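K.L.:
Please find structure-v5.cif (mmCIF, C-alpha atoms) on the next line:
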```cif
data_work
#
loop_
_atom_site.label_atom_id
_atom_site.label_comp_id
_atom_site.auth_asym_id
_atom_site.auth_seq_id
_atom_site.Cartn_x
_atom_site.Cartn_y
_atom_site.Cartn_z
CA MET A 1 -156.99 67.19 -33.80
CA HIS A 2 -157.54 70.73 -35.07
CA TRP A 3 -158.76 70.83 -38.68
CA VAL A 4 -155.67 72.75 -39.90
CA LYS A 5 -153.34 70.16 -38.34
CA LYS A 6 -155.51 67.40 -39.77
CA ILE A 7 -155.09 68.84 -43.28
CA ILE A 8 -151.30 68.94 -42.85
CA TYR A 9 -151.32 65.38 -41.53
CA LYS A 10 -153.47 64.14 -44.43
CA THR A 11 -151.21 65.90 -46.95
CA ILE A 12 -148.12 64.15 -45.56
CA GLN A 13 -150.00 60.83 -45.40
CA THR A 14 -151.09 61.14 -49.04
CA ALA A 15 -147.54 61.96 -50.19
CA ILE A 16 -146.18 58.87 -48.41
CA LYS A 17 -148.91 56.69 -49.91
CA LEU A 18 -147.97 57.93 -53.37
CA GLN A 19 -144.30 57.13 -52.72
CA LEU A 20 -145.20 53.62 -51.52
CA ASN A 21 -147.44 52.96 -54.52
CA LEU A 22 -144.79 54.12 -57.00
CA PHE A 23 -141.61 52.64 -55.56
CA TYR A 24 -142.53 49.80 -53.19
CA ASP A 25 -144.30 46.49 -53.12
CA PHE A 26 -146.33 47.59 -50.12
CA ARG A 27 -148.85 45.00 -48.94
CA VAL A 28 -151.31 45.25 -46.08
CA TRP A 29 -153.47 42.53 -44.59
CA GLY A 30 -156.19 42.87 -41.96
CA ALA A 31 -157.38 46.44 -42.47
CA GLU A 32 -160.89 45.13 -41.78
CA ASN A 33 -159.78 44.42 -38.19
CA ILE A 34 -159.63 48.12 -37.33
CA PRO A 35 -162.73 49.08 -35.27
CA PRO A 36 -164.17 52.59 -35.01
CA GLY A 37 -163.39 54.84 -32.07
CA PRO A 38 -160.17 55.51 -30.14
CA LYS A 39 -157.55 52.75 -30.27
CA ILE A 40 -153.99 51.95 -29.29
CA TYR A 41 -152.06 50.76 -32.33
CA CYS A 42 -148.78 48.97 -31.65
CA SER A 43 -146.17 47.12 -33.70
CA ASN A 44 -142.63 45.88 -33.84
CA HIS A 45 -140.02 48.42 -34.94
CA PHE A 46 -137.17 47.43 -37.28
CA SER A 47 -136.53 50.53 -39.38
CA SER A 48 -136.51 54.31 -39.24
CA SER A 49 -139.03 54.19 -42.10
CA ASP A 50 -141.70 52.57 -39.92
CA PRO A 51 -143.32 55.73 -38.46
CA GLY A 52 -143.88 57.26 -41.89
CA PHE A 53 -145.07 54.08 -43.56
CA VAL A 54 -147.50 52.94 -40.86
CA ILE A 55 -149.50 56.17 -40.80
CA THR A 56 -150.82 55.08 -44.21
CA LEU A 57 -152.44 51.97 -42.67
CA MET A 58 -155.36 53.80 -41.10
CA LYS A 59 -157.72 56.49 -42.36
CA GLU A 60 -157.76 58.42 -39.10
CA PRO A 61 -154.88 60.62 -37.91
CA VAL A 62 -152.91 59.05 -35.06
CA HIS A 63 -150.71 60.47 -32.32
CA MET A 64 -147.50 58.46 -32.49
CA VAL A 65 -144.94 58.11 -29.71
CA ILE A 66 -141.64 59.17 -31.36
CA GLY A 67 -138.18 59.42 -29.85
CA SER A 68 -134.99 60.44 -31.67
CA ALA A 69 -136.74 62.21 -34.57
CA PHE A 70 -137.78 64.89 -32.10
CA GLY A 71 -134.09 65.70 -31.72
CA ILE A 72 -133.76 66.73 -35.36
CA PRO A 73 -134.32 70.45 -36.05
CA VAL A 74 -137.22 71.32 -38.39
CA LEU A 75 -138.50 67.74 -38.22
CA ASN A 76 -139.30 68.21 -34.55
CA SER A 77 -141.43 71.25 -35.42
CA ILE A 78 -143.34 69.26 -38.04
CA LEU A 79 -143.94 66.44 -35.56
CA SER A 80 -145.14 68.88 -32.90
CA MET A 81 -147.44 70.55 -35.40
CA GLY A 82 -148.91 67.12 -36.19
CA GLU A 83 -149.50 66.50 -32.47
CA GLN A 84 -147.15 63.53 -32.27
CA ILE A 85 -146.02 62.46 -28.80
CA ASN A 86 -142.49 63.48 -27.86
CA ALA A 87 -140.41 60.72 -26.20
CA TYR A 88 -136.98 62.17 -26.96
CA SER A 89 -135.67 63.18 -23.55
CA GLU A 90 -136.10 61.55 -20.15
CA GLU A 91 -138.36 64.41 -19.10
CA ASP A 92 -140.48 63.97 -22.25
CA ARG A 93 -140.79 60.22 -21.68
CA ARG A 94 -142.32 60.80 -18.25
CA LEU A 95 -145.20 62.60 -20.00
CA VAL A 96 -145.84 59.98 -22.70
CA VAL A 97 -148.48 57.98 -20.80
CA PRO A 98 -150.59 60.96 -19.63
CA ARG A 99 -150.40 62.56 -23.09
CA ALA A 100 -151.48 59.35 -24.81
CA VAL A 101 -154.35 58.92 -22.35
CA GLU A 102 -155.41 62.52 -22.95
CA PHE A 103 -155.72 61.91 -26.70
CA LEU A 104 -157.64 58.65 -26.18
CA LYS A 105 -160.12 60.36 -23.88
CA LYS A 106 -160.72 62.91 -26.64
CA GLY A 107 -161.75 60.02 -28.90
CA GLU A 108 -158.50 59.97 -30.90
CA SER A 109 -156.04 57.10 -31.45
CA VAL A 110 -152.38 56.65 -30.55
CA TYR A 111 -149.58 54.52 -32.00
CA ILE A 112 -146.82 53.00 -29.89
CA PHE A 113 -143.66 51.05 -30.73
CA PRO A 114 -143.27 49.12 -27.45
CA GLU A 115 -139.65 48.13 -28.18
CA GLY A 116 -138.63 51.78 -28.10
CA ASP A 117 -135.67 51.09 -30.39
CA LEU A 118 -134.95 49.26 -33.65
CA ASN A 119 -134.70 45.46 -33.63
CA ASP A 120 -132.57 43.34 -35.98
CA GLN A 121 -135.55 41.40 -37.43
CA LEU A 122 -134.10 38.19 -35.98
CA SER A 123 -136.02 38.67 -32.75
CA LEU A 124 -138.07 41.32 -30.99
CA LYS A 125 -136.49 43.47 -28.32
CA ARG A 126 -137.86 43.70 -24.80
CA PHE A 127 -141.20 45.52 -24.76
CA TYR A 128 -141.49 48.49 -22.41
CA LEU A 129 -144.58 48.71 -20.20
CA GLY A 130 -145.81 52.10 -21.45
CA LEU A 131 -148.42 50.60 -23.76
CA ALA A 132 -149.90 48.56 -20.91
CA LYS A 133 -149.93 51.58 -18.62
CA VAL A 134 -151.82 53.59 -21.24
CA TYR A 135 -154.33 50.75 -21.68
CA MET A 136 -154.83 50.33 -17.93
CA ALA A 137 -155.52 54.05 -17.58
CA CYS A 138 -157.88 54.08 -20.57
CA PRO A 139 -159.07 50.61 -21.71
CA VAL A 140 -159.66 50.92 -25.46
CA PRO A 141 -159.02 48.33 -28.22
CA VAL A 142 -155.34 47.47 -28.67
CA ILE A 143 -154.59 46.76 -32.34
CA PRO A 144 -151.40 44.71 -32.91
CA ILE A 145 -149.50 45.05 -36.19
CA GLY A 146 -146.67 42.90 -37.51
CA LEU A 147 -144.18 44.60 -39.85
CA ILE A 148 -141.45 43.04 -41.99
CA SER A 149 -139.19 43.83 -44.94
CA PRO A 150 -136.31 41.74 -46.36
CA ARG A 151 -133.13 42.75 -44.55
CA ARG A 152 -131.37 43.28 -47.89
CA ASN A 153 -133.71 46.23 -48.52
CA VAL A 154 -132.87 47.96 -45.24
CA GLU A 155 -130.03 50.47 -45.50
CA ASP A 156 -127.84 51.10 -42.47
CA LYS A 157 -126.86 54.75 -42.41
CA ASP A 158 -125.71 57.34 -39.88
CA ILE A 159 -126.54 61.01 -40.27
CA THR A 160 -125.15 63.96 -38.33
CA VAL A 161 -127.36 66.94 -37.53
CA LYS A 162 -125.74 69.83 -35.64
CA GLU A 163 -122.94 67.55 -34.40
CA VAL A 164 -125.41 64.94 -33.12
CA LEU A 165 -125.06 61.48 -34.65
CA TYR A 166 -128.30 59.66 -35.53
CA HIS A 167 -128.30 55.99 -36.49
CA GLN A 168 -130.89 55.05 -39.11
CA LEU A 169 -132.10 51.83 -40.69
CA ARG A 170 -134.20 52.82 -43.70
CA VAL A 171 -136.23 50.65 -46.06
CA VAL A 172 -134.89 51.96 -49.35
CA SER A 173 -136.64 49.80 -51.94
CA ARG A 174 -139.14 47.14 -52.82
CA ASN A 175 -140.91 45.08 -50.19
CA TYR A 176 -142.64 46.30 -47.03
CA TYR A 177 -145.42 44.32 -45.41
CA ALA A 178 -147.92 44.99 -42.63
CA ASN A 179 -150.27 42.49 -41.01
CA ILE A 180 -153.01 44.07 -38.87
CA GLY A 181 -154.54 41.77 -36.28
CA PRO A 182 -157.89 42.00 -34.49
CA PRO A 183 -157.96 43.71 -31.07
CA VAL A 184 -155.98 41.79 -28.47
CA ASP A 185 -158.12 39.91 -25.98
CA PHE A 186 -156.97 40.43 -22.40
CA PRO A 187 -158.40 37.65 -20.20
CA GLU A 188 -159.36 38.56 -16.65
CA SER A 189 -156.23 38.47 -14.52
CA VAL A 190 -155.75 35.91 -11.76
CA LEU A 191 -153.56 38.39 -9.91
CA ASP A 192 -154.67 39.67 -6.53
CA PRO A 193 -155.54 43.40 -6.82
CA ARG A 194 -154.47 43.77 -3.17
CA ASP A 195 -150.92 42.84 -4.09
CA ALA A 196 -148.63 45.84 -3.63
CA GLU A 197 -147.14 45.13 -7.08
CA TYR A 198 -150.43 44.39 -8.81
CA GLU A 199 -150.18 47.31 -11.26
CA LYS A 200 -146.70 46.31 -12.43
CA LYS A 201 -147.52 42.60 -12.68
CA ARG A 202 -150.71 43.33 -14.62
CA ALA A 203 -148.78 45.61 -16.98
CA ILE A 204 -146.31 42.78 -17.61
CA GLU A 205 -149.19 40.38 -18.32
CA ILE A 206 -150.71 42.75 -20.87
CA THR A 207 -147.35 43.50 -22.47
CA ASP A 208 -146.51 39.80 -22.86
CA LEU A 209 -149.86 39.12 -24.56
CA VAL A 210 -149.34 41.98 -27.02
CA LYS A 211 -145.78 40.91 -27.80
CA ALA A 212 -146.87 37.31 -28.45
CA ARG A 213 -149.62 38.49 -30.80
CA ILE A 214 -147.23 40.70 -32.79
CA GLU A 215 -144.81 37.79 -33.12
CA GLU A 216 -147.67 35.64 -34.48
CA LEU A 217 -148.56 38.32 -37.05
CA ILE A 218 -144.96 38.53 -38.28
CA LEU A 219 -144.73 34.74 -38.62
CA ASP A 220 -148.08 34.74 -40.41
CA ILE A 221 -146.62 37.03 -43.11
CA ARG A 222 -143.51 34.90 -43.49
CA HIS A 223 -145.15 31.49 -43.54
CA THR A 224 -148.76 31.95 -44.65
CA LYS A 225 -149.49 35.12 -46.60
CA PHE A 226 -147.27 34.37 -49.56
CA TRP A 227 -148.67 30.86 -49.90
CA SER A 228 -152.33 31.85 -49.87
#
```
Write the structure described by the file as structure tokens, please.
P.N.:
Amino acid sequence: MHWVKKIIYKTIQTAIKLQLNLFYDFRVWGAENIPPGPKIYCSNHFSSSDPGFVITLMKEPVHMVIGSAFGIPVLNSILSMGEQINAYSEEDRRLVVPRAVEFLKKGESVYIFPEGDLNDQLSLKRFYLGLAKVYMACPVPVIPIGLISPRRNVEDKDITVKEVLYHQLRVVSRNYYANIGPPVDFPESVLDPRDAEYEKKRAIEITDLVKARIEELILDIRHTKFWS
């Protein structure tokens, strides 16, 4: 990332950290699990606040795959300036994997929400295969993160920008928790590489392992962290 863009990114990151420290009970576990070098961060996605909050979890700038926010004027320019990855339109989504791989090969990290949309915190949505495709093209550590906040603190609100309706679920107060796990271990596949559908089946294998690990991290917050 160019040094000017890095300064802008760090300024925004610092402002969000200040907001979290002043107005939220923001707790993070597992920061020691983040290794050096390029990585693929991934987490569940339950609120529109997630992209802003999670960039405070790591010291390095990350290139995050973002969808609907790229459809909002002014904000889309800020995201582009910060070299975030546009997944707003169908055409943009076709370029997500090669763009993410490009950043990883430069030695920089990316962040992906595999669900692609907001879940209801009762269960995770289906995970798309994009994360696995990025990993298969550029095998770097995959860092799973579990995120939760009490549902009572999540505000359901619609906003209209230039006649386009955007649905938002924002964490408006108090508790927000992140549990960072160690890199996911992907055992050697028993699939036959000669299988015509090997790539897809392997992507499903990887995706299922990541999803299971994120679920474990969420449950760990709910059932273990507050009792330790």
K.L.:
Would you mind reading off the distance between atom CA of A:Ile34 and atom CA of A:Pro114, one decimal, in Å?
P.N.:
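So the answer is 19.1 Å.
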K.L.:
Which of these residues is nearest to A:Ala203, using all atoms listed in the file: A:Pro182, A:Pro141, A:Pro98, A:Gly130?
P.N.:
A:Gly130
K.L.:
Translate the PyMOL selection byres ((chain A and resi 185) around 12) into a concrete residue list for this structure, as a ChimeraX atom specification.
P.N.:
/A:139-144,181-184,186-189,205-207,209-210,212-213
K.L.:
Report as number ranges by chain the full result of the PyMOL selection byres ((chain A and resi 50) around 12) when it is applied to this structure.
P.N.:
A: 16, 42-49, 51-57, 64, 66, 111-113, 117-119, 145-149, 154, 168-172, 176-178
K.L.:
Rounded to one decimal, what separation in Å do you get between atom CA of A:Arg99 and atom CA of A:His2?
P.N.:
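So the two atoms, atom CA of A:Arg99 and atom CA of A:His2, lie 16.2 Å apart.
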K.L.:
How far is it from atom CA of A:Gly67 to atom CA of A:Ile40, in Å with one decimal?
P.N.:
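Here the two named atoms are 17.5 Å from each other.
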K.L.:
Mind telling me what the PyMOL selection byres ((chain A and resi 3-11) around 7) catches here, as a list in words?
P.N.:
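Selection result, ordered by chain and number: Met1, His2, Ile12, Gln13, Thr14, Ala15, Pro61, Met81 and Gly82 of chain A.
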K.L.:
Just checking: using all atoms listed in the file, which residue out of A:Thr224, A:Asn175, A:Gly116, A:Gln121 ends up closest to A:Asp25?
P.N.:
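Comparing A:Thr224, A:Asn175, A:Gly116, A:Gln121 against A:Asp25, the winner is A:Asn175.
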